[in-house]
Amino acid sequence: MLSLLGGIFLGWSLGANDASNVFGPAVSSRMLKFWSAATSASLFVLLGALLQGESGIQTLKGLTQLSLEYAVACTFAAALTVTLMTLLRLPISTSQAVVGAILGIAILNRQLNLQGLEKIVACWVGTPLGATIISIAVYKILAALYNGLRLNLFQSDSLIRICLIGAGLYGAYALGANNVANVTAVFVGAGHLGLFSALLLGGLSIDLGILTFSKPVIETVGRKLVRLDAFSALVVLLAEAITVHIYAFIGVPVSTSQALIGAVLGVGFVRGVRTVSKRTLGHILTGWFLTPVVSCFIALVLAFILHLQYMPPK
Amino acid sequence: MLKFFFKKQQQVESLIYEYLGTLKLAKDNFHDAIYACLASPGVCDTFDFLREQTHKFESKADDIREEIKTLMYGKALIPESRGDILGLLEEMDRIPRLLELILRMIETQKLVIPDFIVEDCEDLIEISLESCDFLFKEVEALFKERKEIRALVSKIDNNESRCDHIERRMITKIFDSDIDPFQKLQLKEMVIIMGEISDQADRVSKRVHIISLKRRV
């Protein structure tokens with residue numbers, strides 16, 4: 001059980017941070033009470049993890065051969081990186097932290113599945129870009145439908161509220177399906193957990209983060225998103241959820257925060273306004289490059305420490 | 001299930017209709033009070049009663065607005081709609097206050113509207129109150145069928161220009177007359193406030209139009 005603590009901590013921090021990306025607008029605008037949002041998000045995260053989390057686990061465990069002690073080193077390295085990046089106020093990608101750590105161990109093992117790594121890196125690049133393109137398409141389609149309905153103020157309000165909650169639930173499902181691999185894939189790779197227990201434990205630890213510590217993050221991120229008009233916030237959430245869900249099908253865990261920023265950029269393109277500042281973009285790029293590198297380095301250091309042996313003086 | 005989900009929203013909706021109904025009553029009583037004043041110059045019992053009624057409905061409208069406000073802060077509607085509706089009600093509320101102010105001026109300053117501006121005064125009041133009627137329809141359209149809004153905006157805008165014209169004509173007539181200079185200033189102030197009704201209706205009407213346009217993406 002102790003060996004799983006790093007994974008549980010990682011899942012907890014993922015849940016605490018990423019719930020804001022799916023239920024931020026609904027909670028911070030008081031459309032939904034925090035507890036209703038948190039419990040329904042937890043349920044859908046677990047559903048996503050159990051029903052569609054398998055392919056992500058297959059991809060991550062296929063990156064390299066891991067022993068249990070290396071799996072523990074990976075999760076702790078990723079968790080430390082996430083904490084460090086949070087302290088530096090850089091956008092966190094748990095997926096990049098986990099892959100960076102696995103990469104570190106793979107370098108040490110000299111056993112790296114390059115094909116798998118290429119696929120993952122391509123998806124990292126594709127996440128914000130894909131979210132931008134999807135967000136433009138979703139905006140155009142939804143705008144055409146919405147304008148065609150000619151709703152009055154109350155009808156339009158009700159429709160957007162229902163859709164925001166629906167998009168939040170879908171986002172929670174996609175989050176569980178895509179990100180559960182980050183939490184427990186290394187333990188499956190090390191043969192310490194079976195597939196079902198890994199999906200269940202991963203889903204539950206993300207739920208723990210959502211239920212215990214997501215409220216302040218939800219309110220902060222939610223308020224930023226609510227600054228967008230309600231329709232744009234809906235498009236952003238939906239585009240983010242679709243992007244993350246697509247990568248769940250592909251089997252590569254990606255960052256919901258990066259998908260979210262990409263979607264916000266897309267809305268900005270359609271509306272001809274700047275929705276993300278250059279400073280924020282700079283932070284994202286820095287985080288994007290630093291996260292896997294730092295995590296890889298920490299994993300190497302941890303693995304080195306694990307191999308230190310006490311040599312009594314002769 | 002959906003009805004339960006949007007219970008607060010439905011309460012807001014029915015309170016808004018109640019608010020509009022109360023404004024209409026304030027407007028009708030104001031109309032009758034002005035005609036009572038024109039029919040028997042100086043303050044009479046009918047005028048007093050109608051002024052009191054106008055005040056009563058203005059206060060009731062205020063209470064309903066407060067109730068809507070409280071309900072809105074209690075999580076009804078999305079923030080954008082909340083802001084739009086509260087801002088709209090705030091602006092609309094200036095109309096019954098103007099109606100009450102005019103009647104108070106007539107009462108406290110013992111204003112007598114001279115014969116040479118009675119006809120213009122009637123026109124100004126009729127057109128201004130017609131603008132209010134159009135505005136109430138426009139607000140209802142925002143909550144029911146948005147397609148009528150543009151036509152109503154244009155009617156209110158047109159009425160506002162007509163009122164400006166009448167207002168200028170009345171002020172010129174007042175200062176061309178031989179009445180006491182102090183009375184001239186009193187009447188000018190009253191005419192300006194009467195003209196403000198259609199100006200305010202026009203402002204609110206444009207706001208409604210913007211709120212409606214914001215619902216197109």
# chains A, B, ... in the order shown; residues from 1 in each chain; ligands from 1

$ interface_residues --of "chain A" --to "chain B" --cutoff "10 Å" --atoms "only C-alpha atoms" --output "ChimeraX atom specification"
/A:25-26,28-33,139-140,142-144,146-148,150-158,160-162,226-232,271

$ residues_around --residues "region 196-199 of chain B" --least-positions-apart "4" --cutoff "10 Å" --atoms "only C-alpha atoms" --output "MDAnalysis selection string"
chainID B and resid 94:99 124:125 127:132 135 156:164 167 190:192 203:205

$ closest_residue --among "A:Pro128, A:Gly166, A:Gly116, A:Gly209" --to "Phe9 (chain A)" --atoms "only C-alpha atoms"
A:Gly209

$ residues_around --residues "Val27 (chain A)" --least-positions-apart "3" --cutoff "12 Å" --atoms "only C-alpha atoms" --output "PyMOL selection string"
(chain A and resi 19-24+30-38+41+161+164-165+168+214-223+225-226) or (chain B and resi 75+78-79)

$ write_last_selection --atoms "C-alpha atoms" --output "tab-separated table (two decimals), in the first residue's frame"
chain	number	residue	atom	x	y	z
A	19	ALA	CA	-11.66	19.72	-11.74
A	20	SER	CA	-11.54	23.49	-12.23
A	21	ASN	CA	-11.12	22.95	-15.97
A	22	VAL	CA	-14.45	21.16	-16.21
A	23	PHE	CA	-16.70	22.72	-13.58
A	24	GLY	CA	-15.06	26.13	-13.02
A	30	ARG	CA	-23.16	29.85	-8.75
A	31	MET	CA	-25.09	27.87	-11.32
A	32	LEU	CA	-24.19	24.77	-9.41
A	33	LYS	CA	-23.26	24.27	-5.77
A	34	PHE	CA	-19.70	23.10	-5.23
A	35	TRP	CA	-20.80	19.84	-3.66
A	36	SER	CA	-23.21	18.98	-6.48
A	37	ALA	CA	-20.47	19.72	-9.01
A	38	ALA	CA	-17.80	17.85	-7.05
A	41	ALA	CA	-17.66	15.24	-11.42
A	161	ARG	CA	-26.92	26.55	-18.16
A	164	LEU	CA	-22.56	24.14	-19.36
A	165	ILE	CA	-23.44	21.45	-16.82
A	168	GLY	CA	-18.82	19.80	-17.38
A	214	SER	CA	-10.61	21.47	-5.71
A	215	LYS	CA	-12.88	24.23	-4.38
A	216	PRO	CA	-10.36	27.12	-4.28
A	217	VAL	CA	-8.91	26.20	-7.69
A	218	ILE	CA	-12.40	25.84	-9.19
A	219	GLU	CA	-13.32	29.30	-7.96
A	220	THR	CA	-10.12	30.94	-9.23
A	221	VAL	CA	-10.02	29.32	-12.67
A	222	GLY	CA	-13.81	29.51	-12.96
A	223	ARG	CA	-13.81	33.26	-12.43
A	225	LEU	CA	-13.39	31.64	-17.56
A	226	VAL	CA	-16.57	33.42	-16.57
B	75	LYS	CA	-28.17	31.95	-7.80
B	78	ILE	CA	-26.08	32.97	-15.30
B	79	PRO	CA	-24.01	36.02	-14.25

$ closest_residue --among "B:Leu15, B:Leu88, B:Ile34, B:Cys121" --to "Ala61 (chain B)" --atoms "only C-alpha atoms"
B:Leu15

$ atom_distance --atom1 "CA of Cys44 (chain B)" --atom2 "CA of Phe182 (chain B)"
22.9 Å

$ residues_around --residues "Thr291 (chain A)" --least-positions-apart "5" --cutoff "9 Å" --atoms "only C-alpha atoms" --output "number ranges by chain"
A: 78, 81-82, 85, 92-94, 96-97, 100, 286, 296

$ write_last_selection --atoms "all heavy atoms" --output "JSON list (two decimals), in the first residue's frame"
[["chain", "number", "residue", "atom", "x", "y", "z"],
["A", 78, "ALA", "N", 7.16, 12.53, -10.42],
["A", 78, "ALA", "CA", 6.09, 13.30, -11.07],
["A", 78, "ALA", "C", 5.38, 14.18, -10.05],
["A", 78, "ALA", "O", 5.12, 15.37, -10.31],
["A", 78, "ALA", "CB", 5.10, 12.34, -11.72],
["A", 81, "THR", "N", 7.53, 17.10, -9.13],
["A", 81, "THR", "CA", 7.57, 18.07, -10.24],
["A", 81, "THR", "C", 6.28, 18.92, -10.24],
["A", 81, "THR", "O", 6.34, 20.14, -10.38],
["A", 81, "THR", "CB", 7.71, 17.35, -11.60],
["A", 81, "THR", "OG1", 8.79, 16.45, -11.50],
["A", 81, "THR", "CG2", 7.94, 18.32, -12.72],
["A", 82, "VAL", "N", 5.16, 18.22, -10.07],
["A", 82, "VAL", "CA", 3.88, 18.95, -10.06],
["A", 82, "VAL", "C", 3.89, 19.98, -8.93],
["A", 82, "VAL", "O", 3.50, 21.15, -9.12],
["A", 82, "VAL", "CB", 2.70, 17.95, -9.90],
["A", 82, "VAL", "CG1", 1.41, 18.68, -9.58],
["A", 82, "VAL", "CG2", 2.53, 17.12, -11.16],
["A", 85, "MET", "N", 6.32, 22.87, -9.85],
["A", 85, "MET", "CA", 5.74, 23.75, -10.89],
["A", 85, "MET", "C", 4.63, 24.62, -10.32],
["A", 85, "MET", "O", 4.47, 25.77, -10.71],
["A", 85, "MET", "CB", 5.18, 22.90, -12.03],
["A", 85, "MET", "CG", 6.24, 22.23, -12.84],
["A", 85, "MET", "SD", 7.42, 23.44, -13.44],
["A", 85, "MET", "CE", 8.02, 22.65, -14.84],
["A", 92, "ILE", "N", 0.61, 23.36, -14.92],
["A", 92, "ILE", "CA", 1.07, 21.99, -14.68],
["A", 92, "ILE", "C", 0.45, 21.04, -15.69],
["A", 92, "ILE", "O", -0.75, 21.13, -15.97],
["A", 92, "ILE", "CB", 0.60, 21.48, -13.29],
["A", 92, "ILE", "CG1", 0.73, 22.58, -12.26],
["A", 92, "ILE", "CG2", 1.31, 20.23, -12.89],
["A", 92, "ILE", "CD1", -0.31, 22.47, -11.19],
["A", 93, "SER", "N", 1.27, 20.13, -16.20],
["A", 93, "SER", "CA", 0.72, 19.01, -16.95],
["A", 93, "SER", "C", 1.19, 17.75, -16.25],
["A", 93, "SER", "O", 2.37, 17.39, -16.31],
["A", 93, "SER", "CB", 1.21, 19.04, -18.40],
["A", 93, "SER", "OG", 0.95, 17.79, -18.98],
["A", 94, "THR", "N", 0.27, 17.10, -15.57],
["A", 94, "THR", "CA", 0.62, 15.87, -14.85],
["A", 94, "THR", "C", 1.11, 14.82, -15.85],
["A", 94, "THR", "O", 2.05, 14.06, -15.56],
["A", 94, "THR", "CB", -0.61, 15.34, -14.09],
["A", 94, "THR", "OG1", -1.25, 16.44, -13.48],
["A", 94, "THR", "CG2", -0.24, 14.32, -13.05],
["A", 96, "GLN", "N", 2.77, 15.25, -18.62],
["A", 96, "GLN", "CA", 4.16, 15.50, -18.99],
["A", 96, "GLN", "C", 5.11, 15.12, -17.85],
["A", 96, "GLN", "O", 6.20, 14.61, -18.09],
["A", 96, "GLN", "CB", 4.35, 16.97, -19.36],
["A", 96, "GLN", "CG", 3.78, 17.28, -20.74],
["A", 96, "GLN", "CD", 3.95, 18.72, -21.12],
["A", 96, "GLN", "OE1", 3.89, 19.62, -20.27],
["A", 96, "GLN", "NE2", 4.16, 18.97, -22.39],
["A", 97, "ALA", "N", 4.67, 15.38, -16.63],
["A", 97, "ALA", "CA", 5.49, 15.03, -15.47],
["A", 97, "ALA", "C", 5.68, 13.52, -15.39],
["A", 97, "ALA", "O", 6.80, 13.03, -15.17],
["A", 97, "ALA", "CB", 4.85, 15.55, -14.19],
["A", 100, "GLY", "N", 7.82, 12.33, -18.34],
["A", 100, "GLY", "CA", 9.20, 12.76, -18.09],
["A", 100, "GLY", "C", 9.89, 11.81, -17.12],
["A", 100, "GLY", "O", 11.04, 11.39, -17.33],
["A", 286, "THR", "N", 6.94, 27.74, -21.19],
["A", 286, "THR", "CA", 7.99, 27.41, -20.22],
["A", 286, "THR", "C", 7.62, 26.12, -19.49],
["A", 286, "THR", "O", 8.45, 25.21, -19.36],
["A", 286, "THR", "CB", 8.15, 28.56, -19.20],
["A", 286, "THR", "OG1", 8.14, 29.79, -19.90],
["A", 286, "THR", "CG2", 9.43, 28.43, -18.41],
["A", 296, "CYS", "N", 12.08, 14.22, -15.42],
["A", 296, "CYS", "CA", 13.07, 13.22, -15.86],
["A", 296, "CYS", "C", 14.30, 13.29, -14.94],
["A", 296, "CYS", "O", 14.79, 12.25, -14.46],
["A", 296, "CYS", "CB", 13.44, 13.54, -17.30],
["A", 296, "CYS", "SG", 14.73, 12.53, -17.98]]

$ residues_around --residues "Ile57 (chain A)" --least-positions-apart "3" --cutoff "9 Å" --atoms "only C-alpha atoms" --output "list in words"
Gly53, Glu54, Leu60, Lys61, Gly62, Val180, Ala181, Asn182, Thr184, Ala185, Val186, Val188, Gly189, Leu195, Ala198, Leu199, Gly251, Val252 and Pro253 of chain A

$ atom_distance --atom1 "CA of Gly48 (chain A)" --atom2 "CA of Gly176 (chain A)"
4.6 Å
